[in-house]
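Data from query.txt: compact mmCIF, C-alpha atoms and all ligand atoms
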```txt
# COMPACT_ATOMS: atom_id res chain seq x y z
CA MET A 1 67.32 -126.34 -96.09
CA ASN A 2 65.77 -123.10 -94.88
CA VAL A 3 63.61 -121.12 -97.29
CA TYR A 4 62.62 -117.53 -96.55
CA THR A 5 60.29 -115.53 -98.76
CA TYR A 6 60.21 -111.75 -98.40
CA SER A 7 57.45 -109.43 -99.49
CA SER A 8 59.83 -106.67 -100.54
CA ASN A 9 63.24 -106.43 -102.14
CA THR A 10 64.38 -104.19 -99.31
CA GLN A 11 63.62 -106.92 -96.77
CA LEU A 12 65.39 -109.54 -98.85
CA ASN A 13 68.46 -107.30 -99.23
CA GLU A 14 68.52 -106.58 -95.50
CA ALA A 15 68.20 -110.25 -94.57
CA ALA A 16 70.93 -111.36 -96.97
CA ALA A 17 73.31 -108.55 -95.99
CA GLY A 18 72.53 -109.31 -92.34
CA LEU A 19 73.61 -112.92 -92.81
CA ILE A 20 76.85 -111.82 -94.47
CA ALA A 21 77.47 -109.30 -91.67
CA ALA A 22 76.84 -111.98 -89.03
CA THR A 23 79.30 -114.30 -90.78
CA LEU A 24 81.97 -111.58 -90.71
CA GLN A 25 81.24 -110.77 -87.07
CA GLN A 26 81.68 -114.41 -86.08
CA LYS A 27 84.71 -114.87 -88.30
CA PRO A 28 86.39 -111.62 -89.41
CA ASN A 29 88.68 -113.57 -91.75
CA ALA A 30 85.76 -115.37 -93.42
CA VAL A 31 86.12 -116.50 -97.02
CA LEU A 32 83.15 -115.27 -99.02
CA GLY A 33 82.05 -116.77 -102.33
CA LEU A 34 80.56 -113.96 -104.40
CA ALA A 35 78.25 -113.89 -107.39
CA THR A 36 77.49 -111.43 -110.16
CA GLY A 37 74.23 -110.96 -112.09
CA SER A 38 71.34 -108.67 -111.27
CA THR A 39 70.16 -110.69 -108.24
CA PRO A 40 72.86 -109.77 -105.67
CA ILE A 41 73.17 -106.08 -106.62
CA GLY A 42 70.72 -104.88 -103.94
CA VAL A 43 72.52 -106.99 -101.34
CA TYR A 44 75.84 -105.42 -102.27
CA GLU A 45 74.24 -101.97 -102.03
CA LYS A 46 73.09 -102.82 -98.53
CA LEU A 47 76.56 -104.10 -97.57
CA VAL A 48 78.12 -100.85 -98.83
CA GLU A 49 75.60 -98.88 -96.78
CA MET A 50 76.40 -100.94 -93.67
CA TYR A 51 80.12 -100.47 -94.27
CA LYS A 52 79.73 -96.70 -94.61
CA GLU A 53 77.75 -96.66 -91.35
CA GLY A 54 80.62 -98.49 -89.64
CA LYS A 55 78.52 -101.59 -89.00
CA ILE A 56 80.65 -104.02 -90.98
CA SER A 57 84.27 -104.44 -92.06
CA PHE A 58 85.81 -106.68 -94.70
CA LYS A 59 89.40 -105.88 -93.63
CA GLY A 60 90.25 -109.43 -92.60
CA ALA A 61 88.06 -111.22 -95.14
CA SER A 62 88.77 -112.62 -98.56
CA SER A 63 86.49 -113.41 -101.46
CA PHE A 64 86.34 -115.63 -104.51
CA ASN A 65 83.99 -114.80 -107.33
CA LEU A 66 82.23 -117.66 -109.02
CA ASP A 67 83.03 -116.90 -112.62
CA GLU A 68 84.37 -114.67 -115.35
CA TYR A 69 83.97 -114.44 -119.10
CA VAL A 70 86.83 -115.76 -121.22
CA GLY A 71 88.34 -113.22 -123.59
CA LEU A 72 87.04 -109.96 -122.13
CA PRO A 73 89.71 -107.57 -120.89
CA ARG A 74 89.38 -106.97 -117.14
CA ASP A 75 88.55 -103.32 -117.71
CA HIS A 76 85.73 -104.14 -120.20
CA SER A 77 82.56 -102.65 -118.75
CA GLU A 78 80.85 -106.08 -118.74
CA SER A 79 83.67 -108.12 -117.23
CA TYR A 80 82.76 -109.50 -113.84
CA TYR A 81 85.89 -107.80 -112.55
CA SER A 82 84.35 -104.43 -113.52
CA PHE A 83 80.97 -105.48 -112.11
CA MET A 84 82.41 -106.36 -108.72
CA HIS A 85 84.49 -103.20 -108.51
CA HIS A 86 81.56 -101.05 -109.51
CA HIS A 87 79.01 -102.61 -107.16
CA LEU A 88 81.13 -103.62 -104.19
CA PHE A 89 84.90 -103.67 -104.07
CA GLN A 90 85.64 -99.98 -104.69
CA HIS A 91 83.30 -98.99 -101.85
CA ILE A 92 84.54 -101.27 -99.04
CA ASP A 93 87.74 -102.16 -97.17
CA LEU A 94 88.22 -105.66 -98.58
CA PRO A 95 91.96 -105.72 -99.48
CA GLU A 96 92.42 -105.69 -103.25
CA ASP A 97 94.67 -108.74 -103.25
CA LYS A 98 92.05 -110.69 -101.27
CA ALA A 99 89.22 -110.04 -103.75
CA LEU A 100 89.76 -112.80 -106.25
CA ILE A 101 88.09 -113.33 -109.61
CA PRO A 102 89.14 -115.88 -112.24
CA GLN A 103 91.34 -114.21 -114.86
CA GLY A 104 89.36 -114.74 -118.03
CA ASN A 105 91.58 -112.70 -120.29
CA THR A 106 94.33 -115.27 -120.59
CA ASN A 107 95.78 -117.50 -123.28
CA HIS A 108 95.94 -120.31 -120.74
CA PRO A 109 92.44 -120.62 -119.24
CA LYS A 110 92.96 -124.23 -118.11
CA GLU A 111 96.02 -123.27 -116.08
CA GLU A 112 94.01 -120.40 -114.61
CA CYS A 113 91.34 -122.89 -113.49
CA THR A 114 93.91 -125.02 -111.69
CA ARG A 115 95.47 -121.95 -110.07
CA TYR A 116 92.06 -120.70 -108.91
CA ASP A 117 91.13 -124.02 -107.30
CA GLN A 118 94.49 -124.06 -105.51
CA LEU A 119 93.85 -120.58 -104.15
CA ILE A 120 90.41 -121.59 -102.86
CA GLN A 121 91.93 -124.64 -101.22
CA GLU A 122 94.78 -122.65 -99.66
CA ALA A 123 92.22 -120.22 -98.25
CA GLY A 124 90.54 -123.16 -96.49
CA GLY A 125 87.46 -123.26 -98.75
CA ILE A 126 84.46 -120.98 -98.82
CA ASP A 127 82.66 -120.09 -95.57
CA LEU A 128 79.62 -118.45 -97.14
CA GLN A 129 78.77 -118.88 -100.81
CA ILE A 130 76.33 -116.40 -102.37
CA LEU A 131 74.53 -117.82 -105.39
CA GLY A 132 71.98 -116.73 -107.94
CA ILE A 133 70.23 -119.19 -110.23
CA GLY A 134 69.92 -119.05 -114.02
CA HIS A 135 66.62 -119.70 -115.79
CA ASN A 136 68.02 -123.04 -116.89
CA GLY A 137 69.10 -123.99 -113.37
CA HIS A 138 72.74 -123.06 -113.71
CA ILE A 139 74.76 -121.97 -110.69
CA GLY A 140 77.89 -120.01 -111.40
CA PHE A 141 78.24 -120.99 -115.04
CA ASN A 142 77.73 -124.69 -114.33
CA GLU A 143 75.29 -125.22 -117.17
CA PRO A 144 72.84 -128.15 -117.52
CA ALA A 145 74.71 -131.06 -119.11
CA ASP A 146 74.99 -134.85 -119.12
CA SER A 147 77.74 -134.52 -116.54
CA LEU A 148 79.02 -131.76 -114.28
CA SER A 149 82.55 -130.86 -113.31
CA GLY A 150 83.73 -130.64 -109.72
CA ALA A 151 86.75 -128.51 -110.52
CA THR A 152 86.94 -124.96 -111.80
CA HIS A 153 86.72 -125.26 -115.57
CA VAL A 154 86.14 -123.55 -118.88
CA VAL A 155 82.54 -123.80 -120.01
CA THR A 156 80.75 -123.11 -123.29
CA LEU A 157 77.86 -120.84 -122.44
CA HIS A 158 74.40 -122.01 -123.43
CA GLU A 159 72.57 -119.91 -125.97
CA GLU A 160 69.88 -119.24 -123.33
CA THR A 161 72.51 -117.86 -120.96
CA ARG A 162 74.09 -115.71 -123.67
CA LYS A 163 70.64 -114.38 -124.61
CA ALA A 164 69.85 -113.60 -120.96
CA ASN A 165 73.13 -111.71 -120.63
CA ALA A 166 72.85 -109.92 -123.98
CA ARG A 167 70.90 -107.18 -122.21
CA PHE A 168 74.21 -105.92 -120.83
CA PHE A 169 75.95 -105.83 -124.23
CA ASN A 170 75.20 -103.95 -127.47
CA SER A 171 74.20 -107.22 -129.14
CA ILE A 172 74.28 -110.95 -128.51
CA ASP A 173 77.28 -111.24 -130.84
CA GLU A 174 79.34 -109.37 -128.27
CA VAL A 175 78.47 -111.80 -125.44
CA PRO A 176 81.46 -114.11 -124.92
CA THR A 177 80.93 -117.75 -125.83
CA HIS A 178 83.04 -119.14 -122.99
CA ALA A 179 83.57 -118.52 -119.32
CA ILE A 180 85.63 -119.83 -116.44
CA THR A 181 83.47 -121.06 -113.61
CA VAL A 182 84.11 -122.51 -110.21
CA GLY A 183 82.89 -126.10 -110.35
CA MET A 184 80.33 -127.91 -108.26
CA ALA A 185 82.88 -129.14 -105.68
CA ALA A 186 83.95 -125.73 -104.32
CA ILE A 187 80.29 -124.67 -104.20
CA MET A 188 79.08 -127.82 -102.46
CA LYS A 189 82.00 -127.72 -100.01
CA ALA A 190 81.07 -124.21 -98.86
CA LYS A 191 80.16 -124.30 -95.17
CA CYS A 192 76.99 -122.31 -95.86
CA ILE A 193 75.24 -121.46 -99.13
CA LEU A 194 72.94 -118.47 -99.53
CA LEU A 195 70.84 -118.80 -102.68
CA LEU A 196 69.11 -115.59 -103.73
CA VAL A 197 66.18 -115.64 -106.13
CA ARG A 198 64.06 -112.77 -107.41
CA GLY A 199 61.26 -112.34 -109.91
CA ALA A 200 58.31 -114.28 -111.31
CA ASP A 201 60.49 -115.55 -114.16
CA LYS A 202 62.49 -117.59 -111.61
CA ALA A 203 59.47 -119.17 -109.85
CA ASP A 204 59.43 -122.34 -111.96
CA ILE A 205 63.15 -123.03 -111.93
CA ILE A 206 63.57 -122.50 -108.19
CA HIS A 207 60.64 -124.81 -107.54
CA LYS A 208 62.19 -127.44 -109.81
CA ALA A 209 65.65 -126.99 -108.28
CA LEU A 210 64.45 -127.41 -104.70
CA ASN A 211 61.67 -129.97 -105.20
CA GLY A 212 62.44 -131.80 -108.42
CA PRO A 213 64.85 -134.66 -109.06
CA ILE A 214 68.54 -134.10 -108.42
CA THR A 215 69.93 -134.09 -111.91
CA THR A 216 72.85 -132.69 -113.88
CA GLN A 217 70.20 -131.20 -116.20
CA CYS A 218 69.45 -128.77 -113.35
CA PRO A 219 72.76 -128.10 -111.57
CA ALA A 220 71.03 -126.12 -108.80
CA SER A 221 69.13 -129.28 -107.83
CA PHE A 222 72.35 -130.56 -106.19
CA LEU A 223 71.90 -127.84 -103.59
CA GLN A 224 69.19 -130.07 -102.08
CA LEU A 225 72.08 -132.19 -100.77
CA HIS A 226 73.83 -129.33 -99.01
CA PRO A 227 73.65 -129.51 -95.20
CA ASN A 228 73.45 -125.74 -94.71
CA LEU A 229 71.47 -124.18 -97.56
CA ILE A 230 69.59 -120.94 -97.00
CA VAL A 231 67.26 -119.79 -99.77
CA MET A 232 65.98 -116.22 -99.81
CA THR A 233 63.38 -115.27 -102.41
CA ASP A 234 61.03 -112.42 -103.11
CA SER A 235 57.33 -113.22 -103.10
CA GLU A 236 57.18 -113.66 -106.89
CA ALA A 237 60.05 -116.12 -107.15
CA GLY A 238 58.88 -117.96 -104.04
CA ARG A 239 55.21 -118.27 -104.96
CA ASN A 240 55.40 -122.04 -105.65
CA LEU A 241 57.63 -122.96 -102.72
P1 LIG B 301 70.64 -112.91 -112.70
O1 LIG B 301 71.55 -114.14 -113.10
O2 LIG B 301 70.95 -112.62 -111.26
O3 LIG B 301 71.07 -111.79 -113.59
O4 LIG B 301 69.22 -113.32 -112.91
C1 LIG B 301 71.61 -115.24 -112.24
C2 LIG B 301 72.47 -116.29 -112.87
O5 LIG B 301 72.48 -116.41 -114.10
O6 LIG B 301 73.12 -117.03 -112.12
```
Mind turning the file's structure into structure tokens?
Amino acid sequence: MNVYTYSSNTQLNEAAAGLIAATLQQKPNAVLGLATGSTPIGVYEKLVEMYKEGKISFKGASSFNLDEYVGLPRDHSESYYSFMHHHLFQHIDLPEDKALIPQGNTNHPKEECTRYDQLIQEAGGIDLQILGIGHNGHIGFNEPADSLSGATHVVTLHEETRKANARFFNSIDEVPTHAITVGMAAIMKAKCILLLVRGADKADIIHKALNGPITTQCPASFLQLHPNLIVMTDSEAGRNL
């Protein structure tokens, strides 16, 4: 595990975008695992900037997003489909049919999970997985539980997660109760994982995830077992590391 703590958000964004750019330079058809949430937004901004400057191309790449709410239409402003288009996809040359996100607005979410896992497998797995971490230690929407699922699956969101995400909706009642998330297997099988953490409110959970016991009650703790984990934090989140 390599942990890097940056004194500014700009430095963190540059370092993370630089790693993604290096991955694409080495392997133009790299498979990227992408995350939503507030943490990666600055990194996506930096990638867009690099693309516009001609320093990076996503033409040969493909991507799989970690998760999507169940029951929100794709064009809902808070769907992860909308998030990714707004922050990244509409600005870069990643082919539309190669930018994959679980389809949450379906009557058959279980079939969608199976289809999504097949697509990841057919793509040869994830080369570089970008992750954020939830305050409860979730990665993707793999929430703390007595057991975790390897496969992509439908998950009931914890109240804490719904509360954290309510800031993007008019009220907590509008936050979906379920999501589709890539499971622990596709994440742990990624050749490289880049975990991004920002803010004082994440200092305790990242310390616990990286130094505490490996337990299903903190899904991010399993990242300790990954052979190629890179953690990038700002100085507030990294103050206990
Ligand atoms: P955040 O979410 O980036 O908005 O803090 C991270 C997560 O819940 O995985």
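Using only C-alpha atoms, the shortest contact distance between A:Leu210 and any of A:Leu119, A:Ile193, A:Leu32, A:Met1 is found at A:Met1.
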Counting all atoms listed in the file, give me one row per residue of chain A with an atom at most 12 Å from an atom of ligand LIG 301 (chain B), showing the shortest contact pair and its distance in Å to one decimal, sorted by chain then residue number, as JSON lines.
```
{"residue": "A:Leu34", "atom": "CA", "partner": "B:LIG301", "partner_atom": "O6", "distance": 11.2}
{"residue": "A:Ala35", "atom": "CA", "partner": "B:LIG301", "partner_atom": "O6", "distance": 7.7}
{"residue": "A:Thr36", "atom": "CA", "partner": "B:LIG301", "partner_atom": "O2", "distance": 6.7}
{"residue": "A:Gly37", "atom": "CA", "partner": "B:LIG301", "partner_atom": "O3", "distance": 3.6}
{"residue": "A:Ser38", "atom": "CA", "partner": "B:LIG301", "partner_atom": "O3", "distance": 3.9}
{"residue": "A:Thr39", "atom": "CA", "partner": "B:LIG301", "partner_atom": "O2", "distance": 3.7}
{"residue": "A:Pro40", "atom": "CA", "partner": "B:LIG301", "partner_atom": "O2", "distance": 6.6}
{"residue": "A:Ile41", "atom": "CA", "partner": "B:LIG301", "partner_atom": "O2", "distance": 8.3}
{"residue": "A:Gly42", "atom": "CA", "partner": "B:LIG301", "partner_atom": "O2", "distance": 10.7}
{"residue": "A:Val43", "atom": "CA", "partner": "B:LIG301", "partner_atom": "O2", "distance": 11.5}
{"residue": "A:Leu66", "atom": "CA", "partner": "B:LIG301", "partner_atom": "O6", "distance": 9.6}
{"residue": "A:Asp67", "atom": "CA", "partner": "B:LIG301", "partner_atom": "O6", "distance": 9.9}
{"residue": "A:Glu68", "atom": "CA", "partner": "B:LIG301", "partner_atom": "O6", "distance": 11.9}
{"residue": "A:Tyr80", "atom": "CA", "partner": "B:LIG301", "partner_atom": "O3", "distance": 11.9}
{"residue": "A:Phe83", "atom": "CA", "partner": "B:LIG301", "partner_atom": "O3", "distance": 11.8}
{"residue": "A:Ile130", "atom": "CA", "partner": "B:LIG301", "partner_atom": "O6", "distance": 10.3}
{"residue": "A:Leu131", "atom": "CA", "partner": "B:LIG301", "partner_atom": "O6", "distance": 6.9}
{"residue": "A:Gly132", "atom": "CA", "partner": "B:LIG301", "partner_atom": "O6", "distance": 4.3}
{"residue": "A:Ile133", "atom": "CA", "partner": "B:LIG301", "partner_atom": "O6", "distance": 4.1}
{"residue": "A:Gly134", "atom": "CA", "partner": "B:LIG301", "partner_atom": "O5", "distance": 3.7}
{"residue": "A:His135", "atom": "CA", "partner": "B:LIG301", "partner_atom": "O5", "distance": 6.9}
{"residue": "A:Asn136", "atom": "CA", "partner": "B:LIG301", "partner_atom": "O5", "distance": 8.5}
{"residue": "A:Gly137", "atom": "CA", "partner": "B:LIG301", "partner_atom": "O6", "distance": 8.1}
{"residue": "A:His138", "atom": "CA", "partner": "B:LIG301", "partner_atom": "O6", "distance": 6.2}
{"residue": "A:Ile139", "atom": "CA", "partner": "B:LIG301", "partner_atom": "O6", "distance": 5.4}
{"residue": "A:Gly140", "atom": "CA", "partner": "B:LIG301", "partner_atom": "O6", "distance": 5.7}
{"residue": "A:Phe141", "atom": "CA", "partner": "B:LIG301", "partner_atom": "O6", "distance": 7.1}
{"residue": "A:Asn142", "atom": "CA", "partner": "B:LIG301", "partner_atom": "O6", "distance": 9.2}
{"residue": "A:Glu143", "atom": "CA", "partner": "B:LIG301", "partner_atom": "O5", "distance": 9.7}
{"residue": "A:Leu157", "atom": "CA", "partner": "B:LIG301", "partner_atom": "O5", "distance": 10.9}
{"residue": "A:His158", "atom": "CA", "partner": "B:LIG301", "partner_atom": "O5", "distance": 11.0}
{"residue": "A:Glu160", "atom": "CA", "partner": "B:LIG301", "partner_atom": "O5", "distance": 10.0}
{"residue": "A:Thr161", "atom": "CA", "partner": "B:LIG301", "partner_atom": "O5", "distance": 7.0}
{"residue": "A:Arg162", "atom": "CA", "partner": "B:LIG301", "partner_atom": "O5", "distance": 9.7}
{"residue": "A:Lys163", "atom": "CA", "partner": "B:LIG301", "partner_atom": "O5", "distance": 10.9}
{"residue": "A:Ala164", "atom": "CA", "partner": "B:LIG301", "partner_atom": "O3", "distance": 7.7}
{"residue": "A:Asn165", "atom": "CA", "partner": "B:LIG301", "partner_atom": "O3", "distance": 7.3}
{"residue": "A:Ala166", "atom": "CA", "partner": "B:LIG301", "partner_atom": "O3", "distance": 10.7}
{"residue": "A:Arg167", "atom": "CA", "partner": "B:LIG301", "partner_atom": "O3", "distance": 9.8}
{"residue": "A:Phe168", "atom": "CA", "partner": "B:LIG301", "partner_atom": "O3", "distance": 9.8}
{"residue": "A:Thr181", "atom": "CA", "partner": "B:LIG301", "partner_atom": "O6", "distance": 11.2}
{"residue": "A:Leu195", "atom": "CA", "partner": "B:LIG301", "partner_atom": "O6", "distance": 9.9}
{"residue": "A:Leu196", "atom": "CA", "partner": "B:LIG301", "partner_atom": "O2", "distance": 8.3}
{"residue": "A:Val197", "atom": "CA", "partner": "B:LIG301", "partner_atom": "O2", "distance": 7.6}
{"residue": "A:Arg198", "atom": "CA", "partner": "B:LIG301", "partner_atom": "O4", "distance": 7.6}
{"residue": "A:Gly199", "atom": "CA", "partner": "B:LIG301", "partner_atom": "O4", "distance": 8.6}
{"residue": "A:Ala200", "atom": "CA", "partner": "B:LIG301", "partner_atom": "O4", "distance": 11.1}
{"residue": "A:Asp201", "atom": "CA", "partner": "B:LIG301", "partner_atom": "O4", "distance": 9.1}
{"residue": "A:Lys202", "atom": "CA", "partner": "B:LIG301", "partner_atom": "O4", "distance": 8.1}
{"residue": "A:Ala203", "atom": "CA", "partner": "B:LIG301", "partner_atom": "O4", "distance": 11.8}
{"residue": "A:Ile205", "atom": "CA", "partner": "B:LIG301", "partner_atom": "O4", "distance": 11.5}
{"residue": "A:Ile206", "atom": "CA", "partner": "B:LIG301", "partner_atom": "C1", "distance": 11.6}
{"residue": "A:Pro219", "atom": "CA", "partner": "B:LIG301", "partner_atom": "O6", "distance": 11.1}
{"residue": "A:Ala220", "atom": "CA", "partner": "B:LIG301", "partner_atom": "O6", "distance": 9.9}
{"residue": "A:Thr233", "atom": "CA", "partner": "B:LIG301", "partner_atom": "O2", "distance": 11.9}
{"residue": "A:Ala237", "atom": "CA", "partner": "B:LIG301", "partner_atom": "O4", "distance": 11.2}
```
I'd like the contact shell of A:Asn107 - 12 Å cut-off, only C-alpha atoms, skipping same-chain residues fewer than 6 positions apart - returned as a ChimeraX atom specification.
/A:70-73
Which polymer residues, whether protein, DNA or RNA, lie within 12 Å of the coordinate (82.4, -111.3, -89.8) when you count only C-alpha atoms? List them as a PyMOL selection string, using the chain letters and numbers from the file.
chain A and resi 17-32+51+55-62+94+127-128
Separation of atom CA of A:Val155 from atom CA of A:Asn211, in Å and rounded to one decimal:
26.3 Å
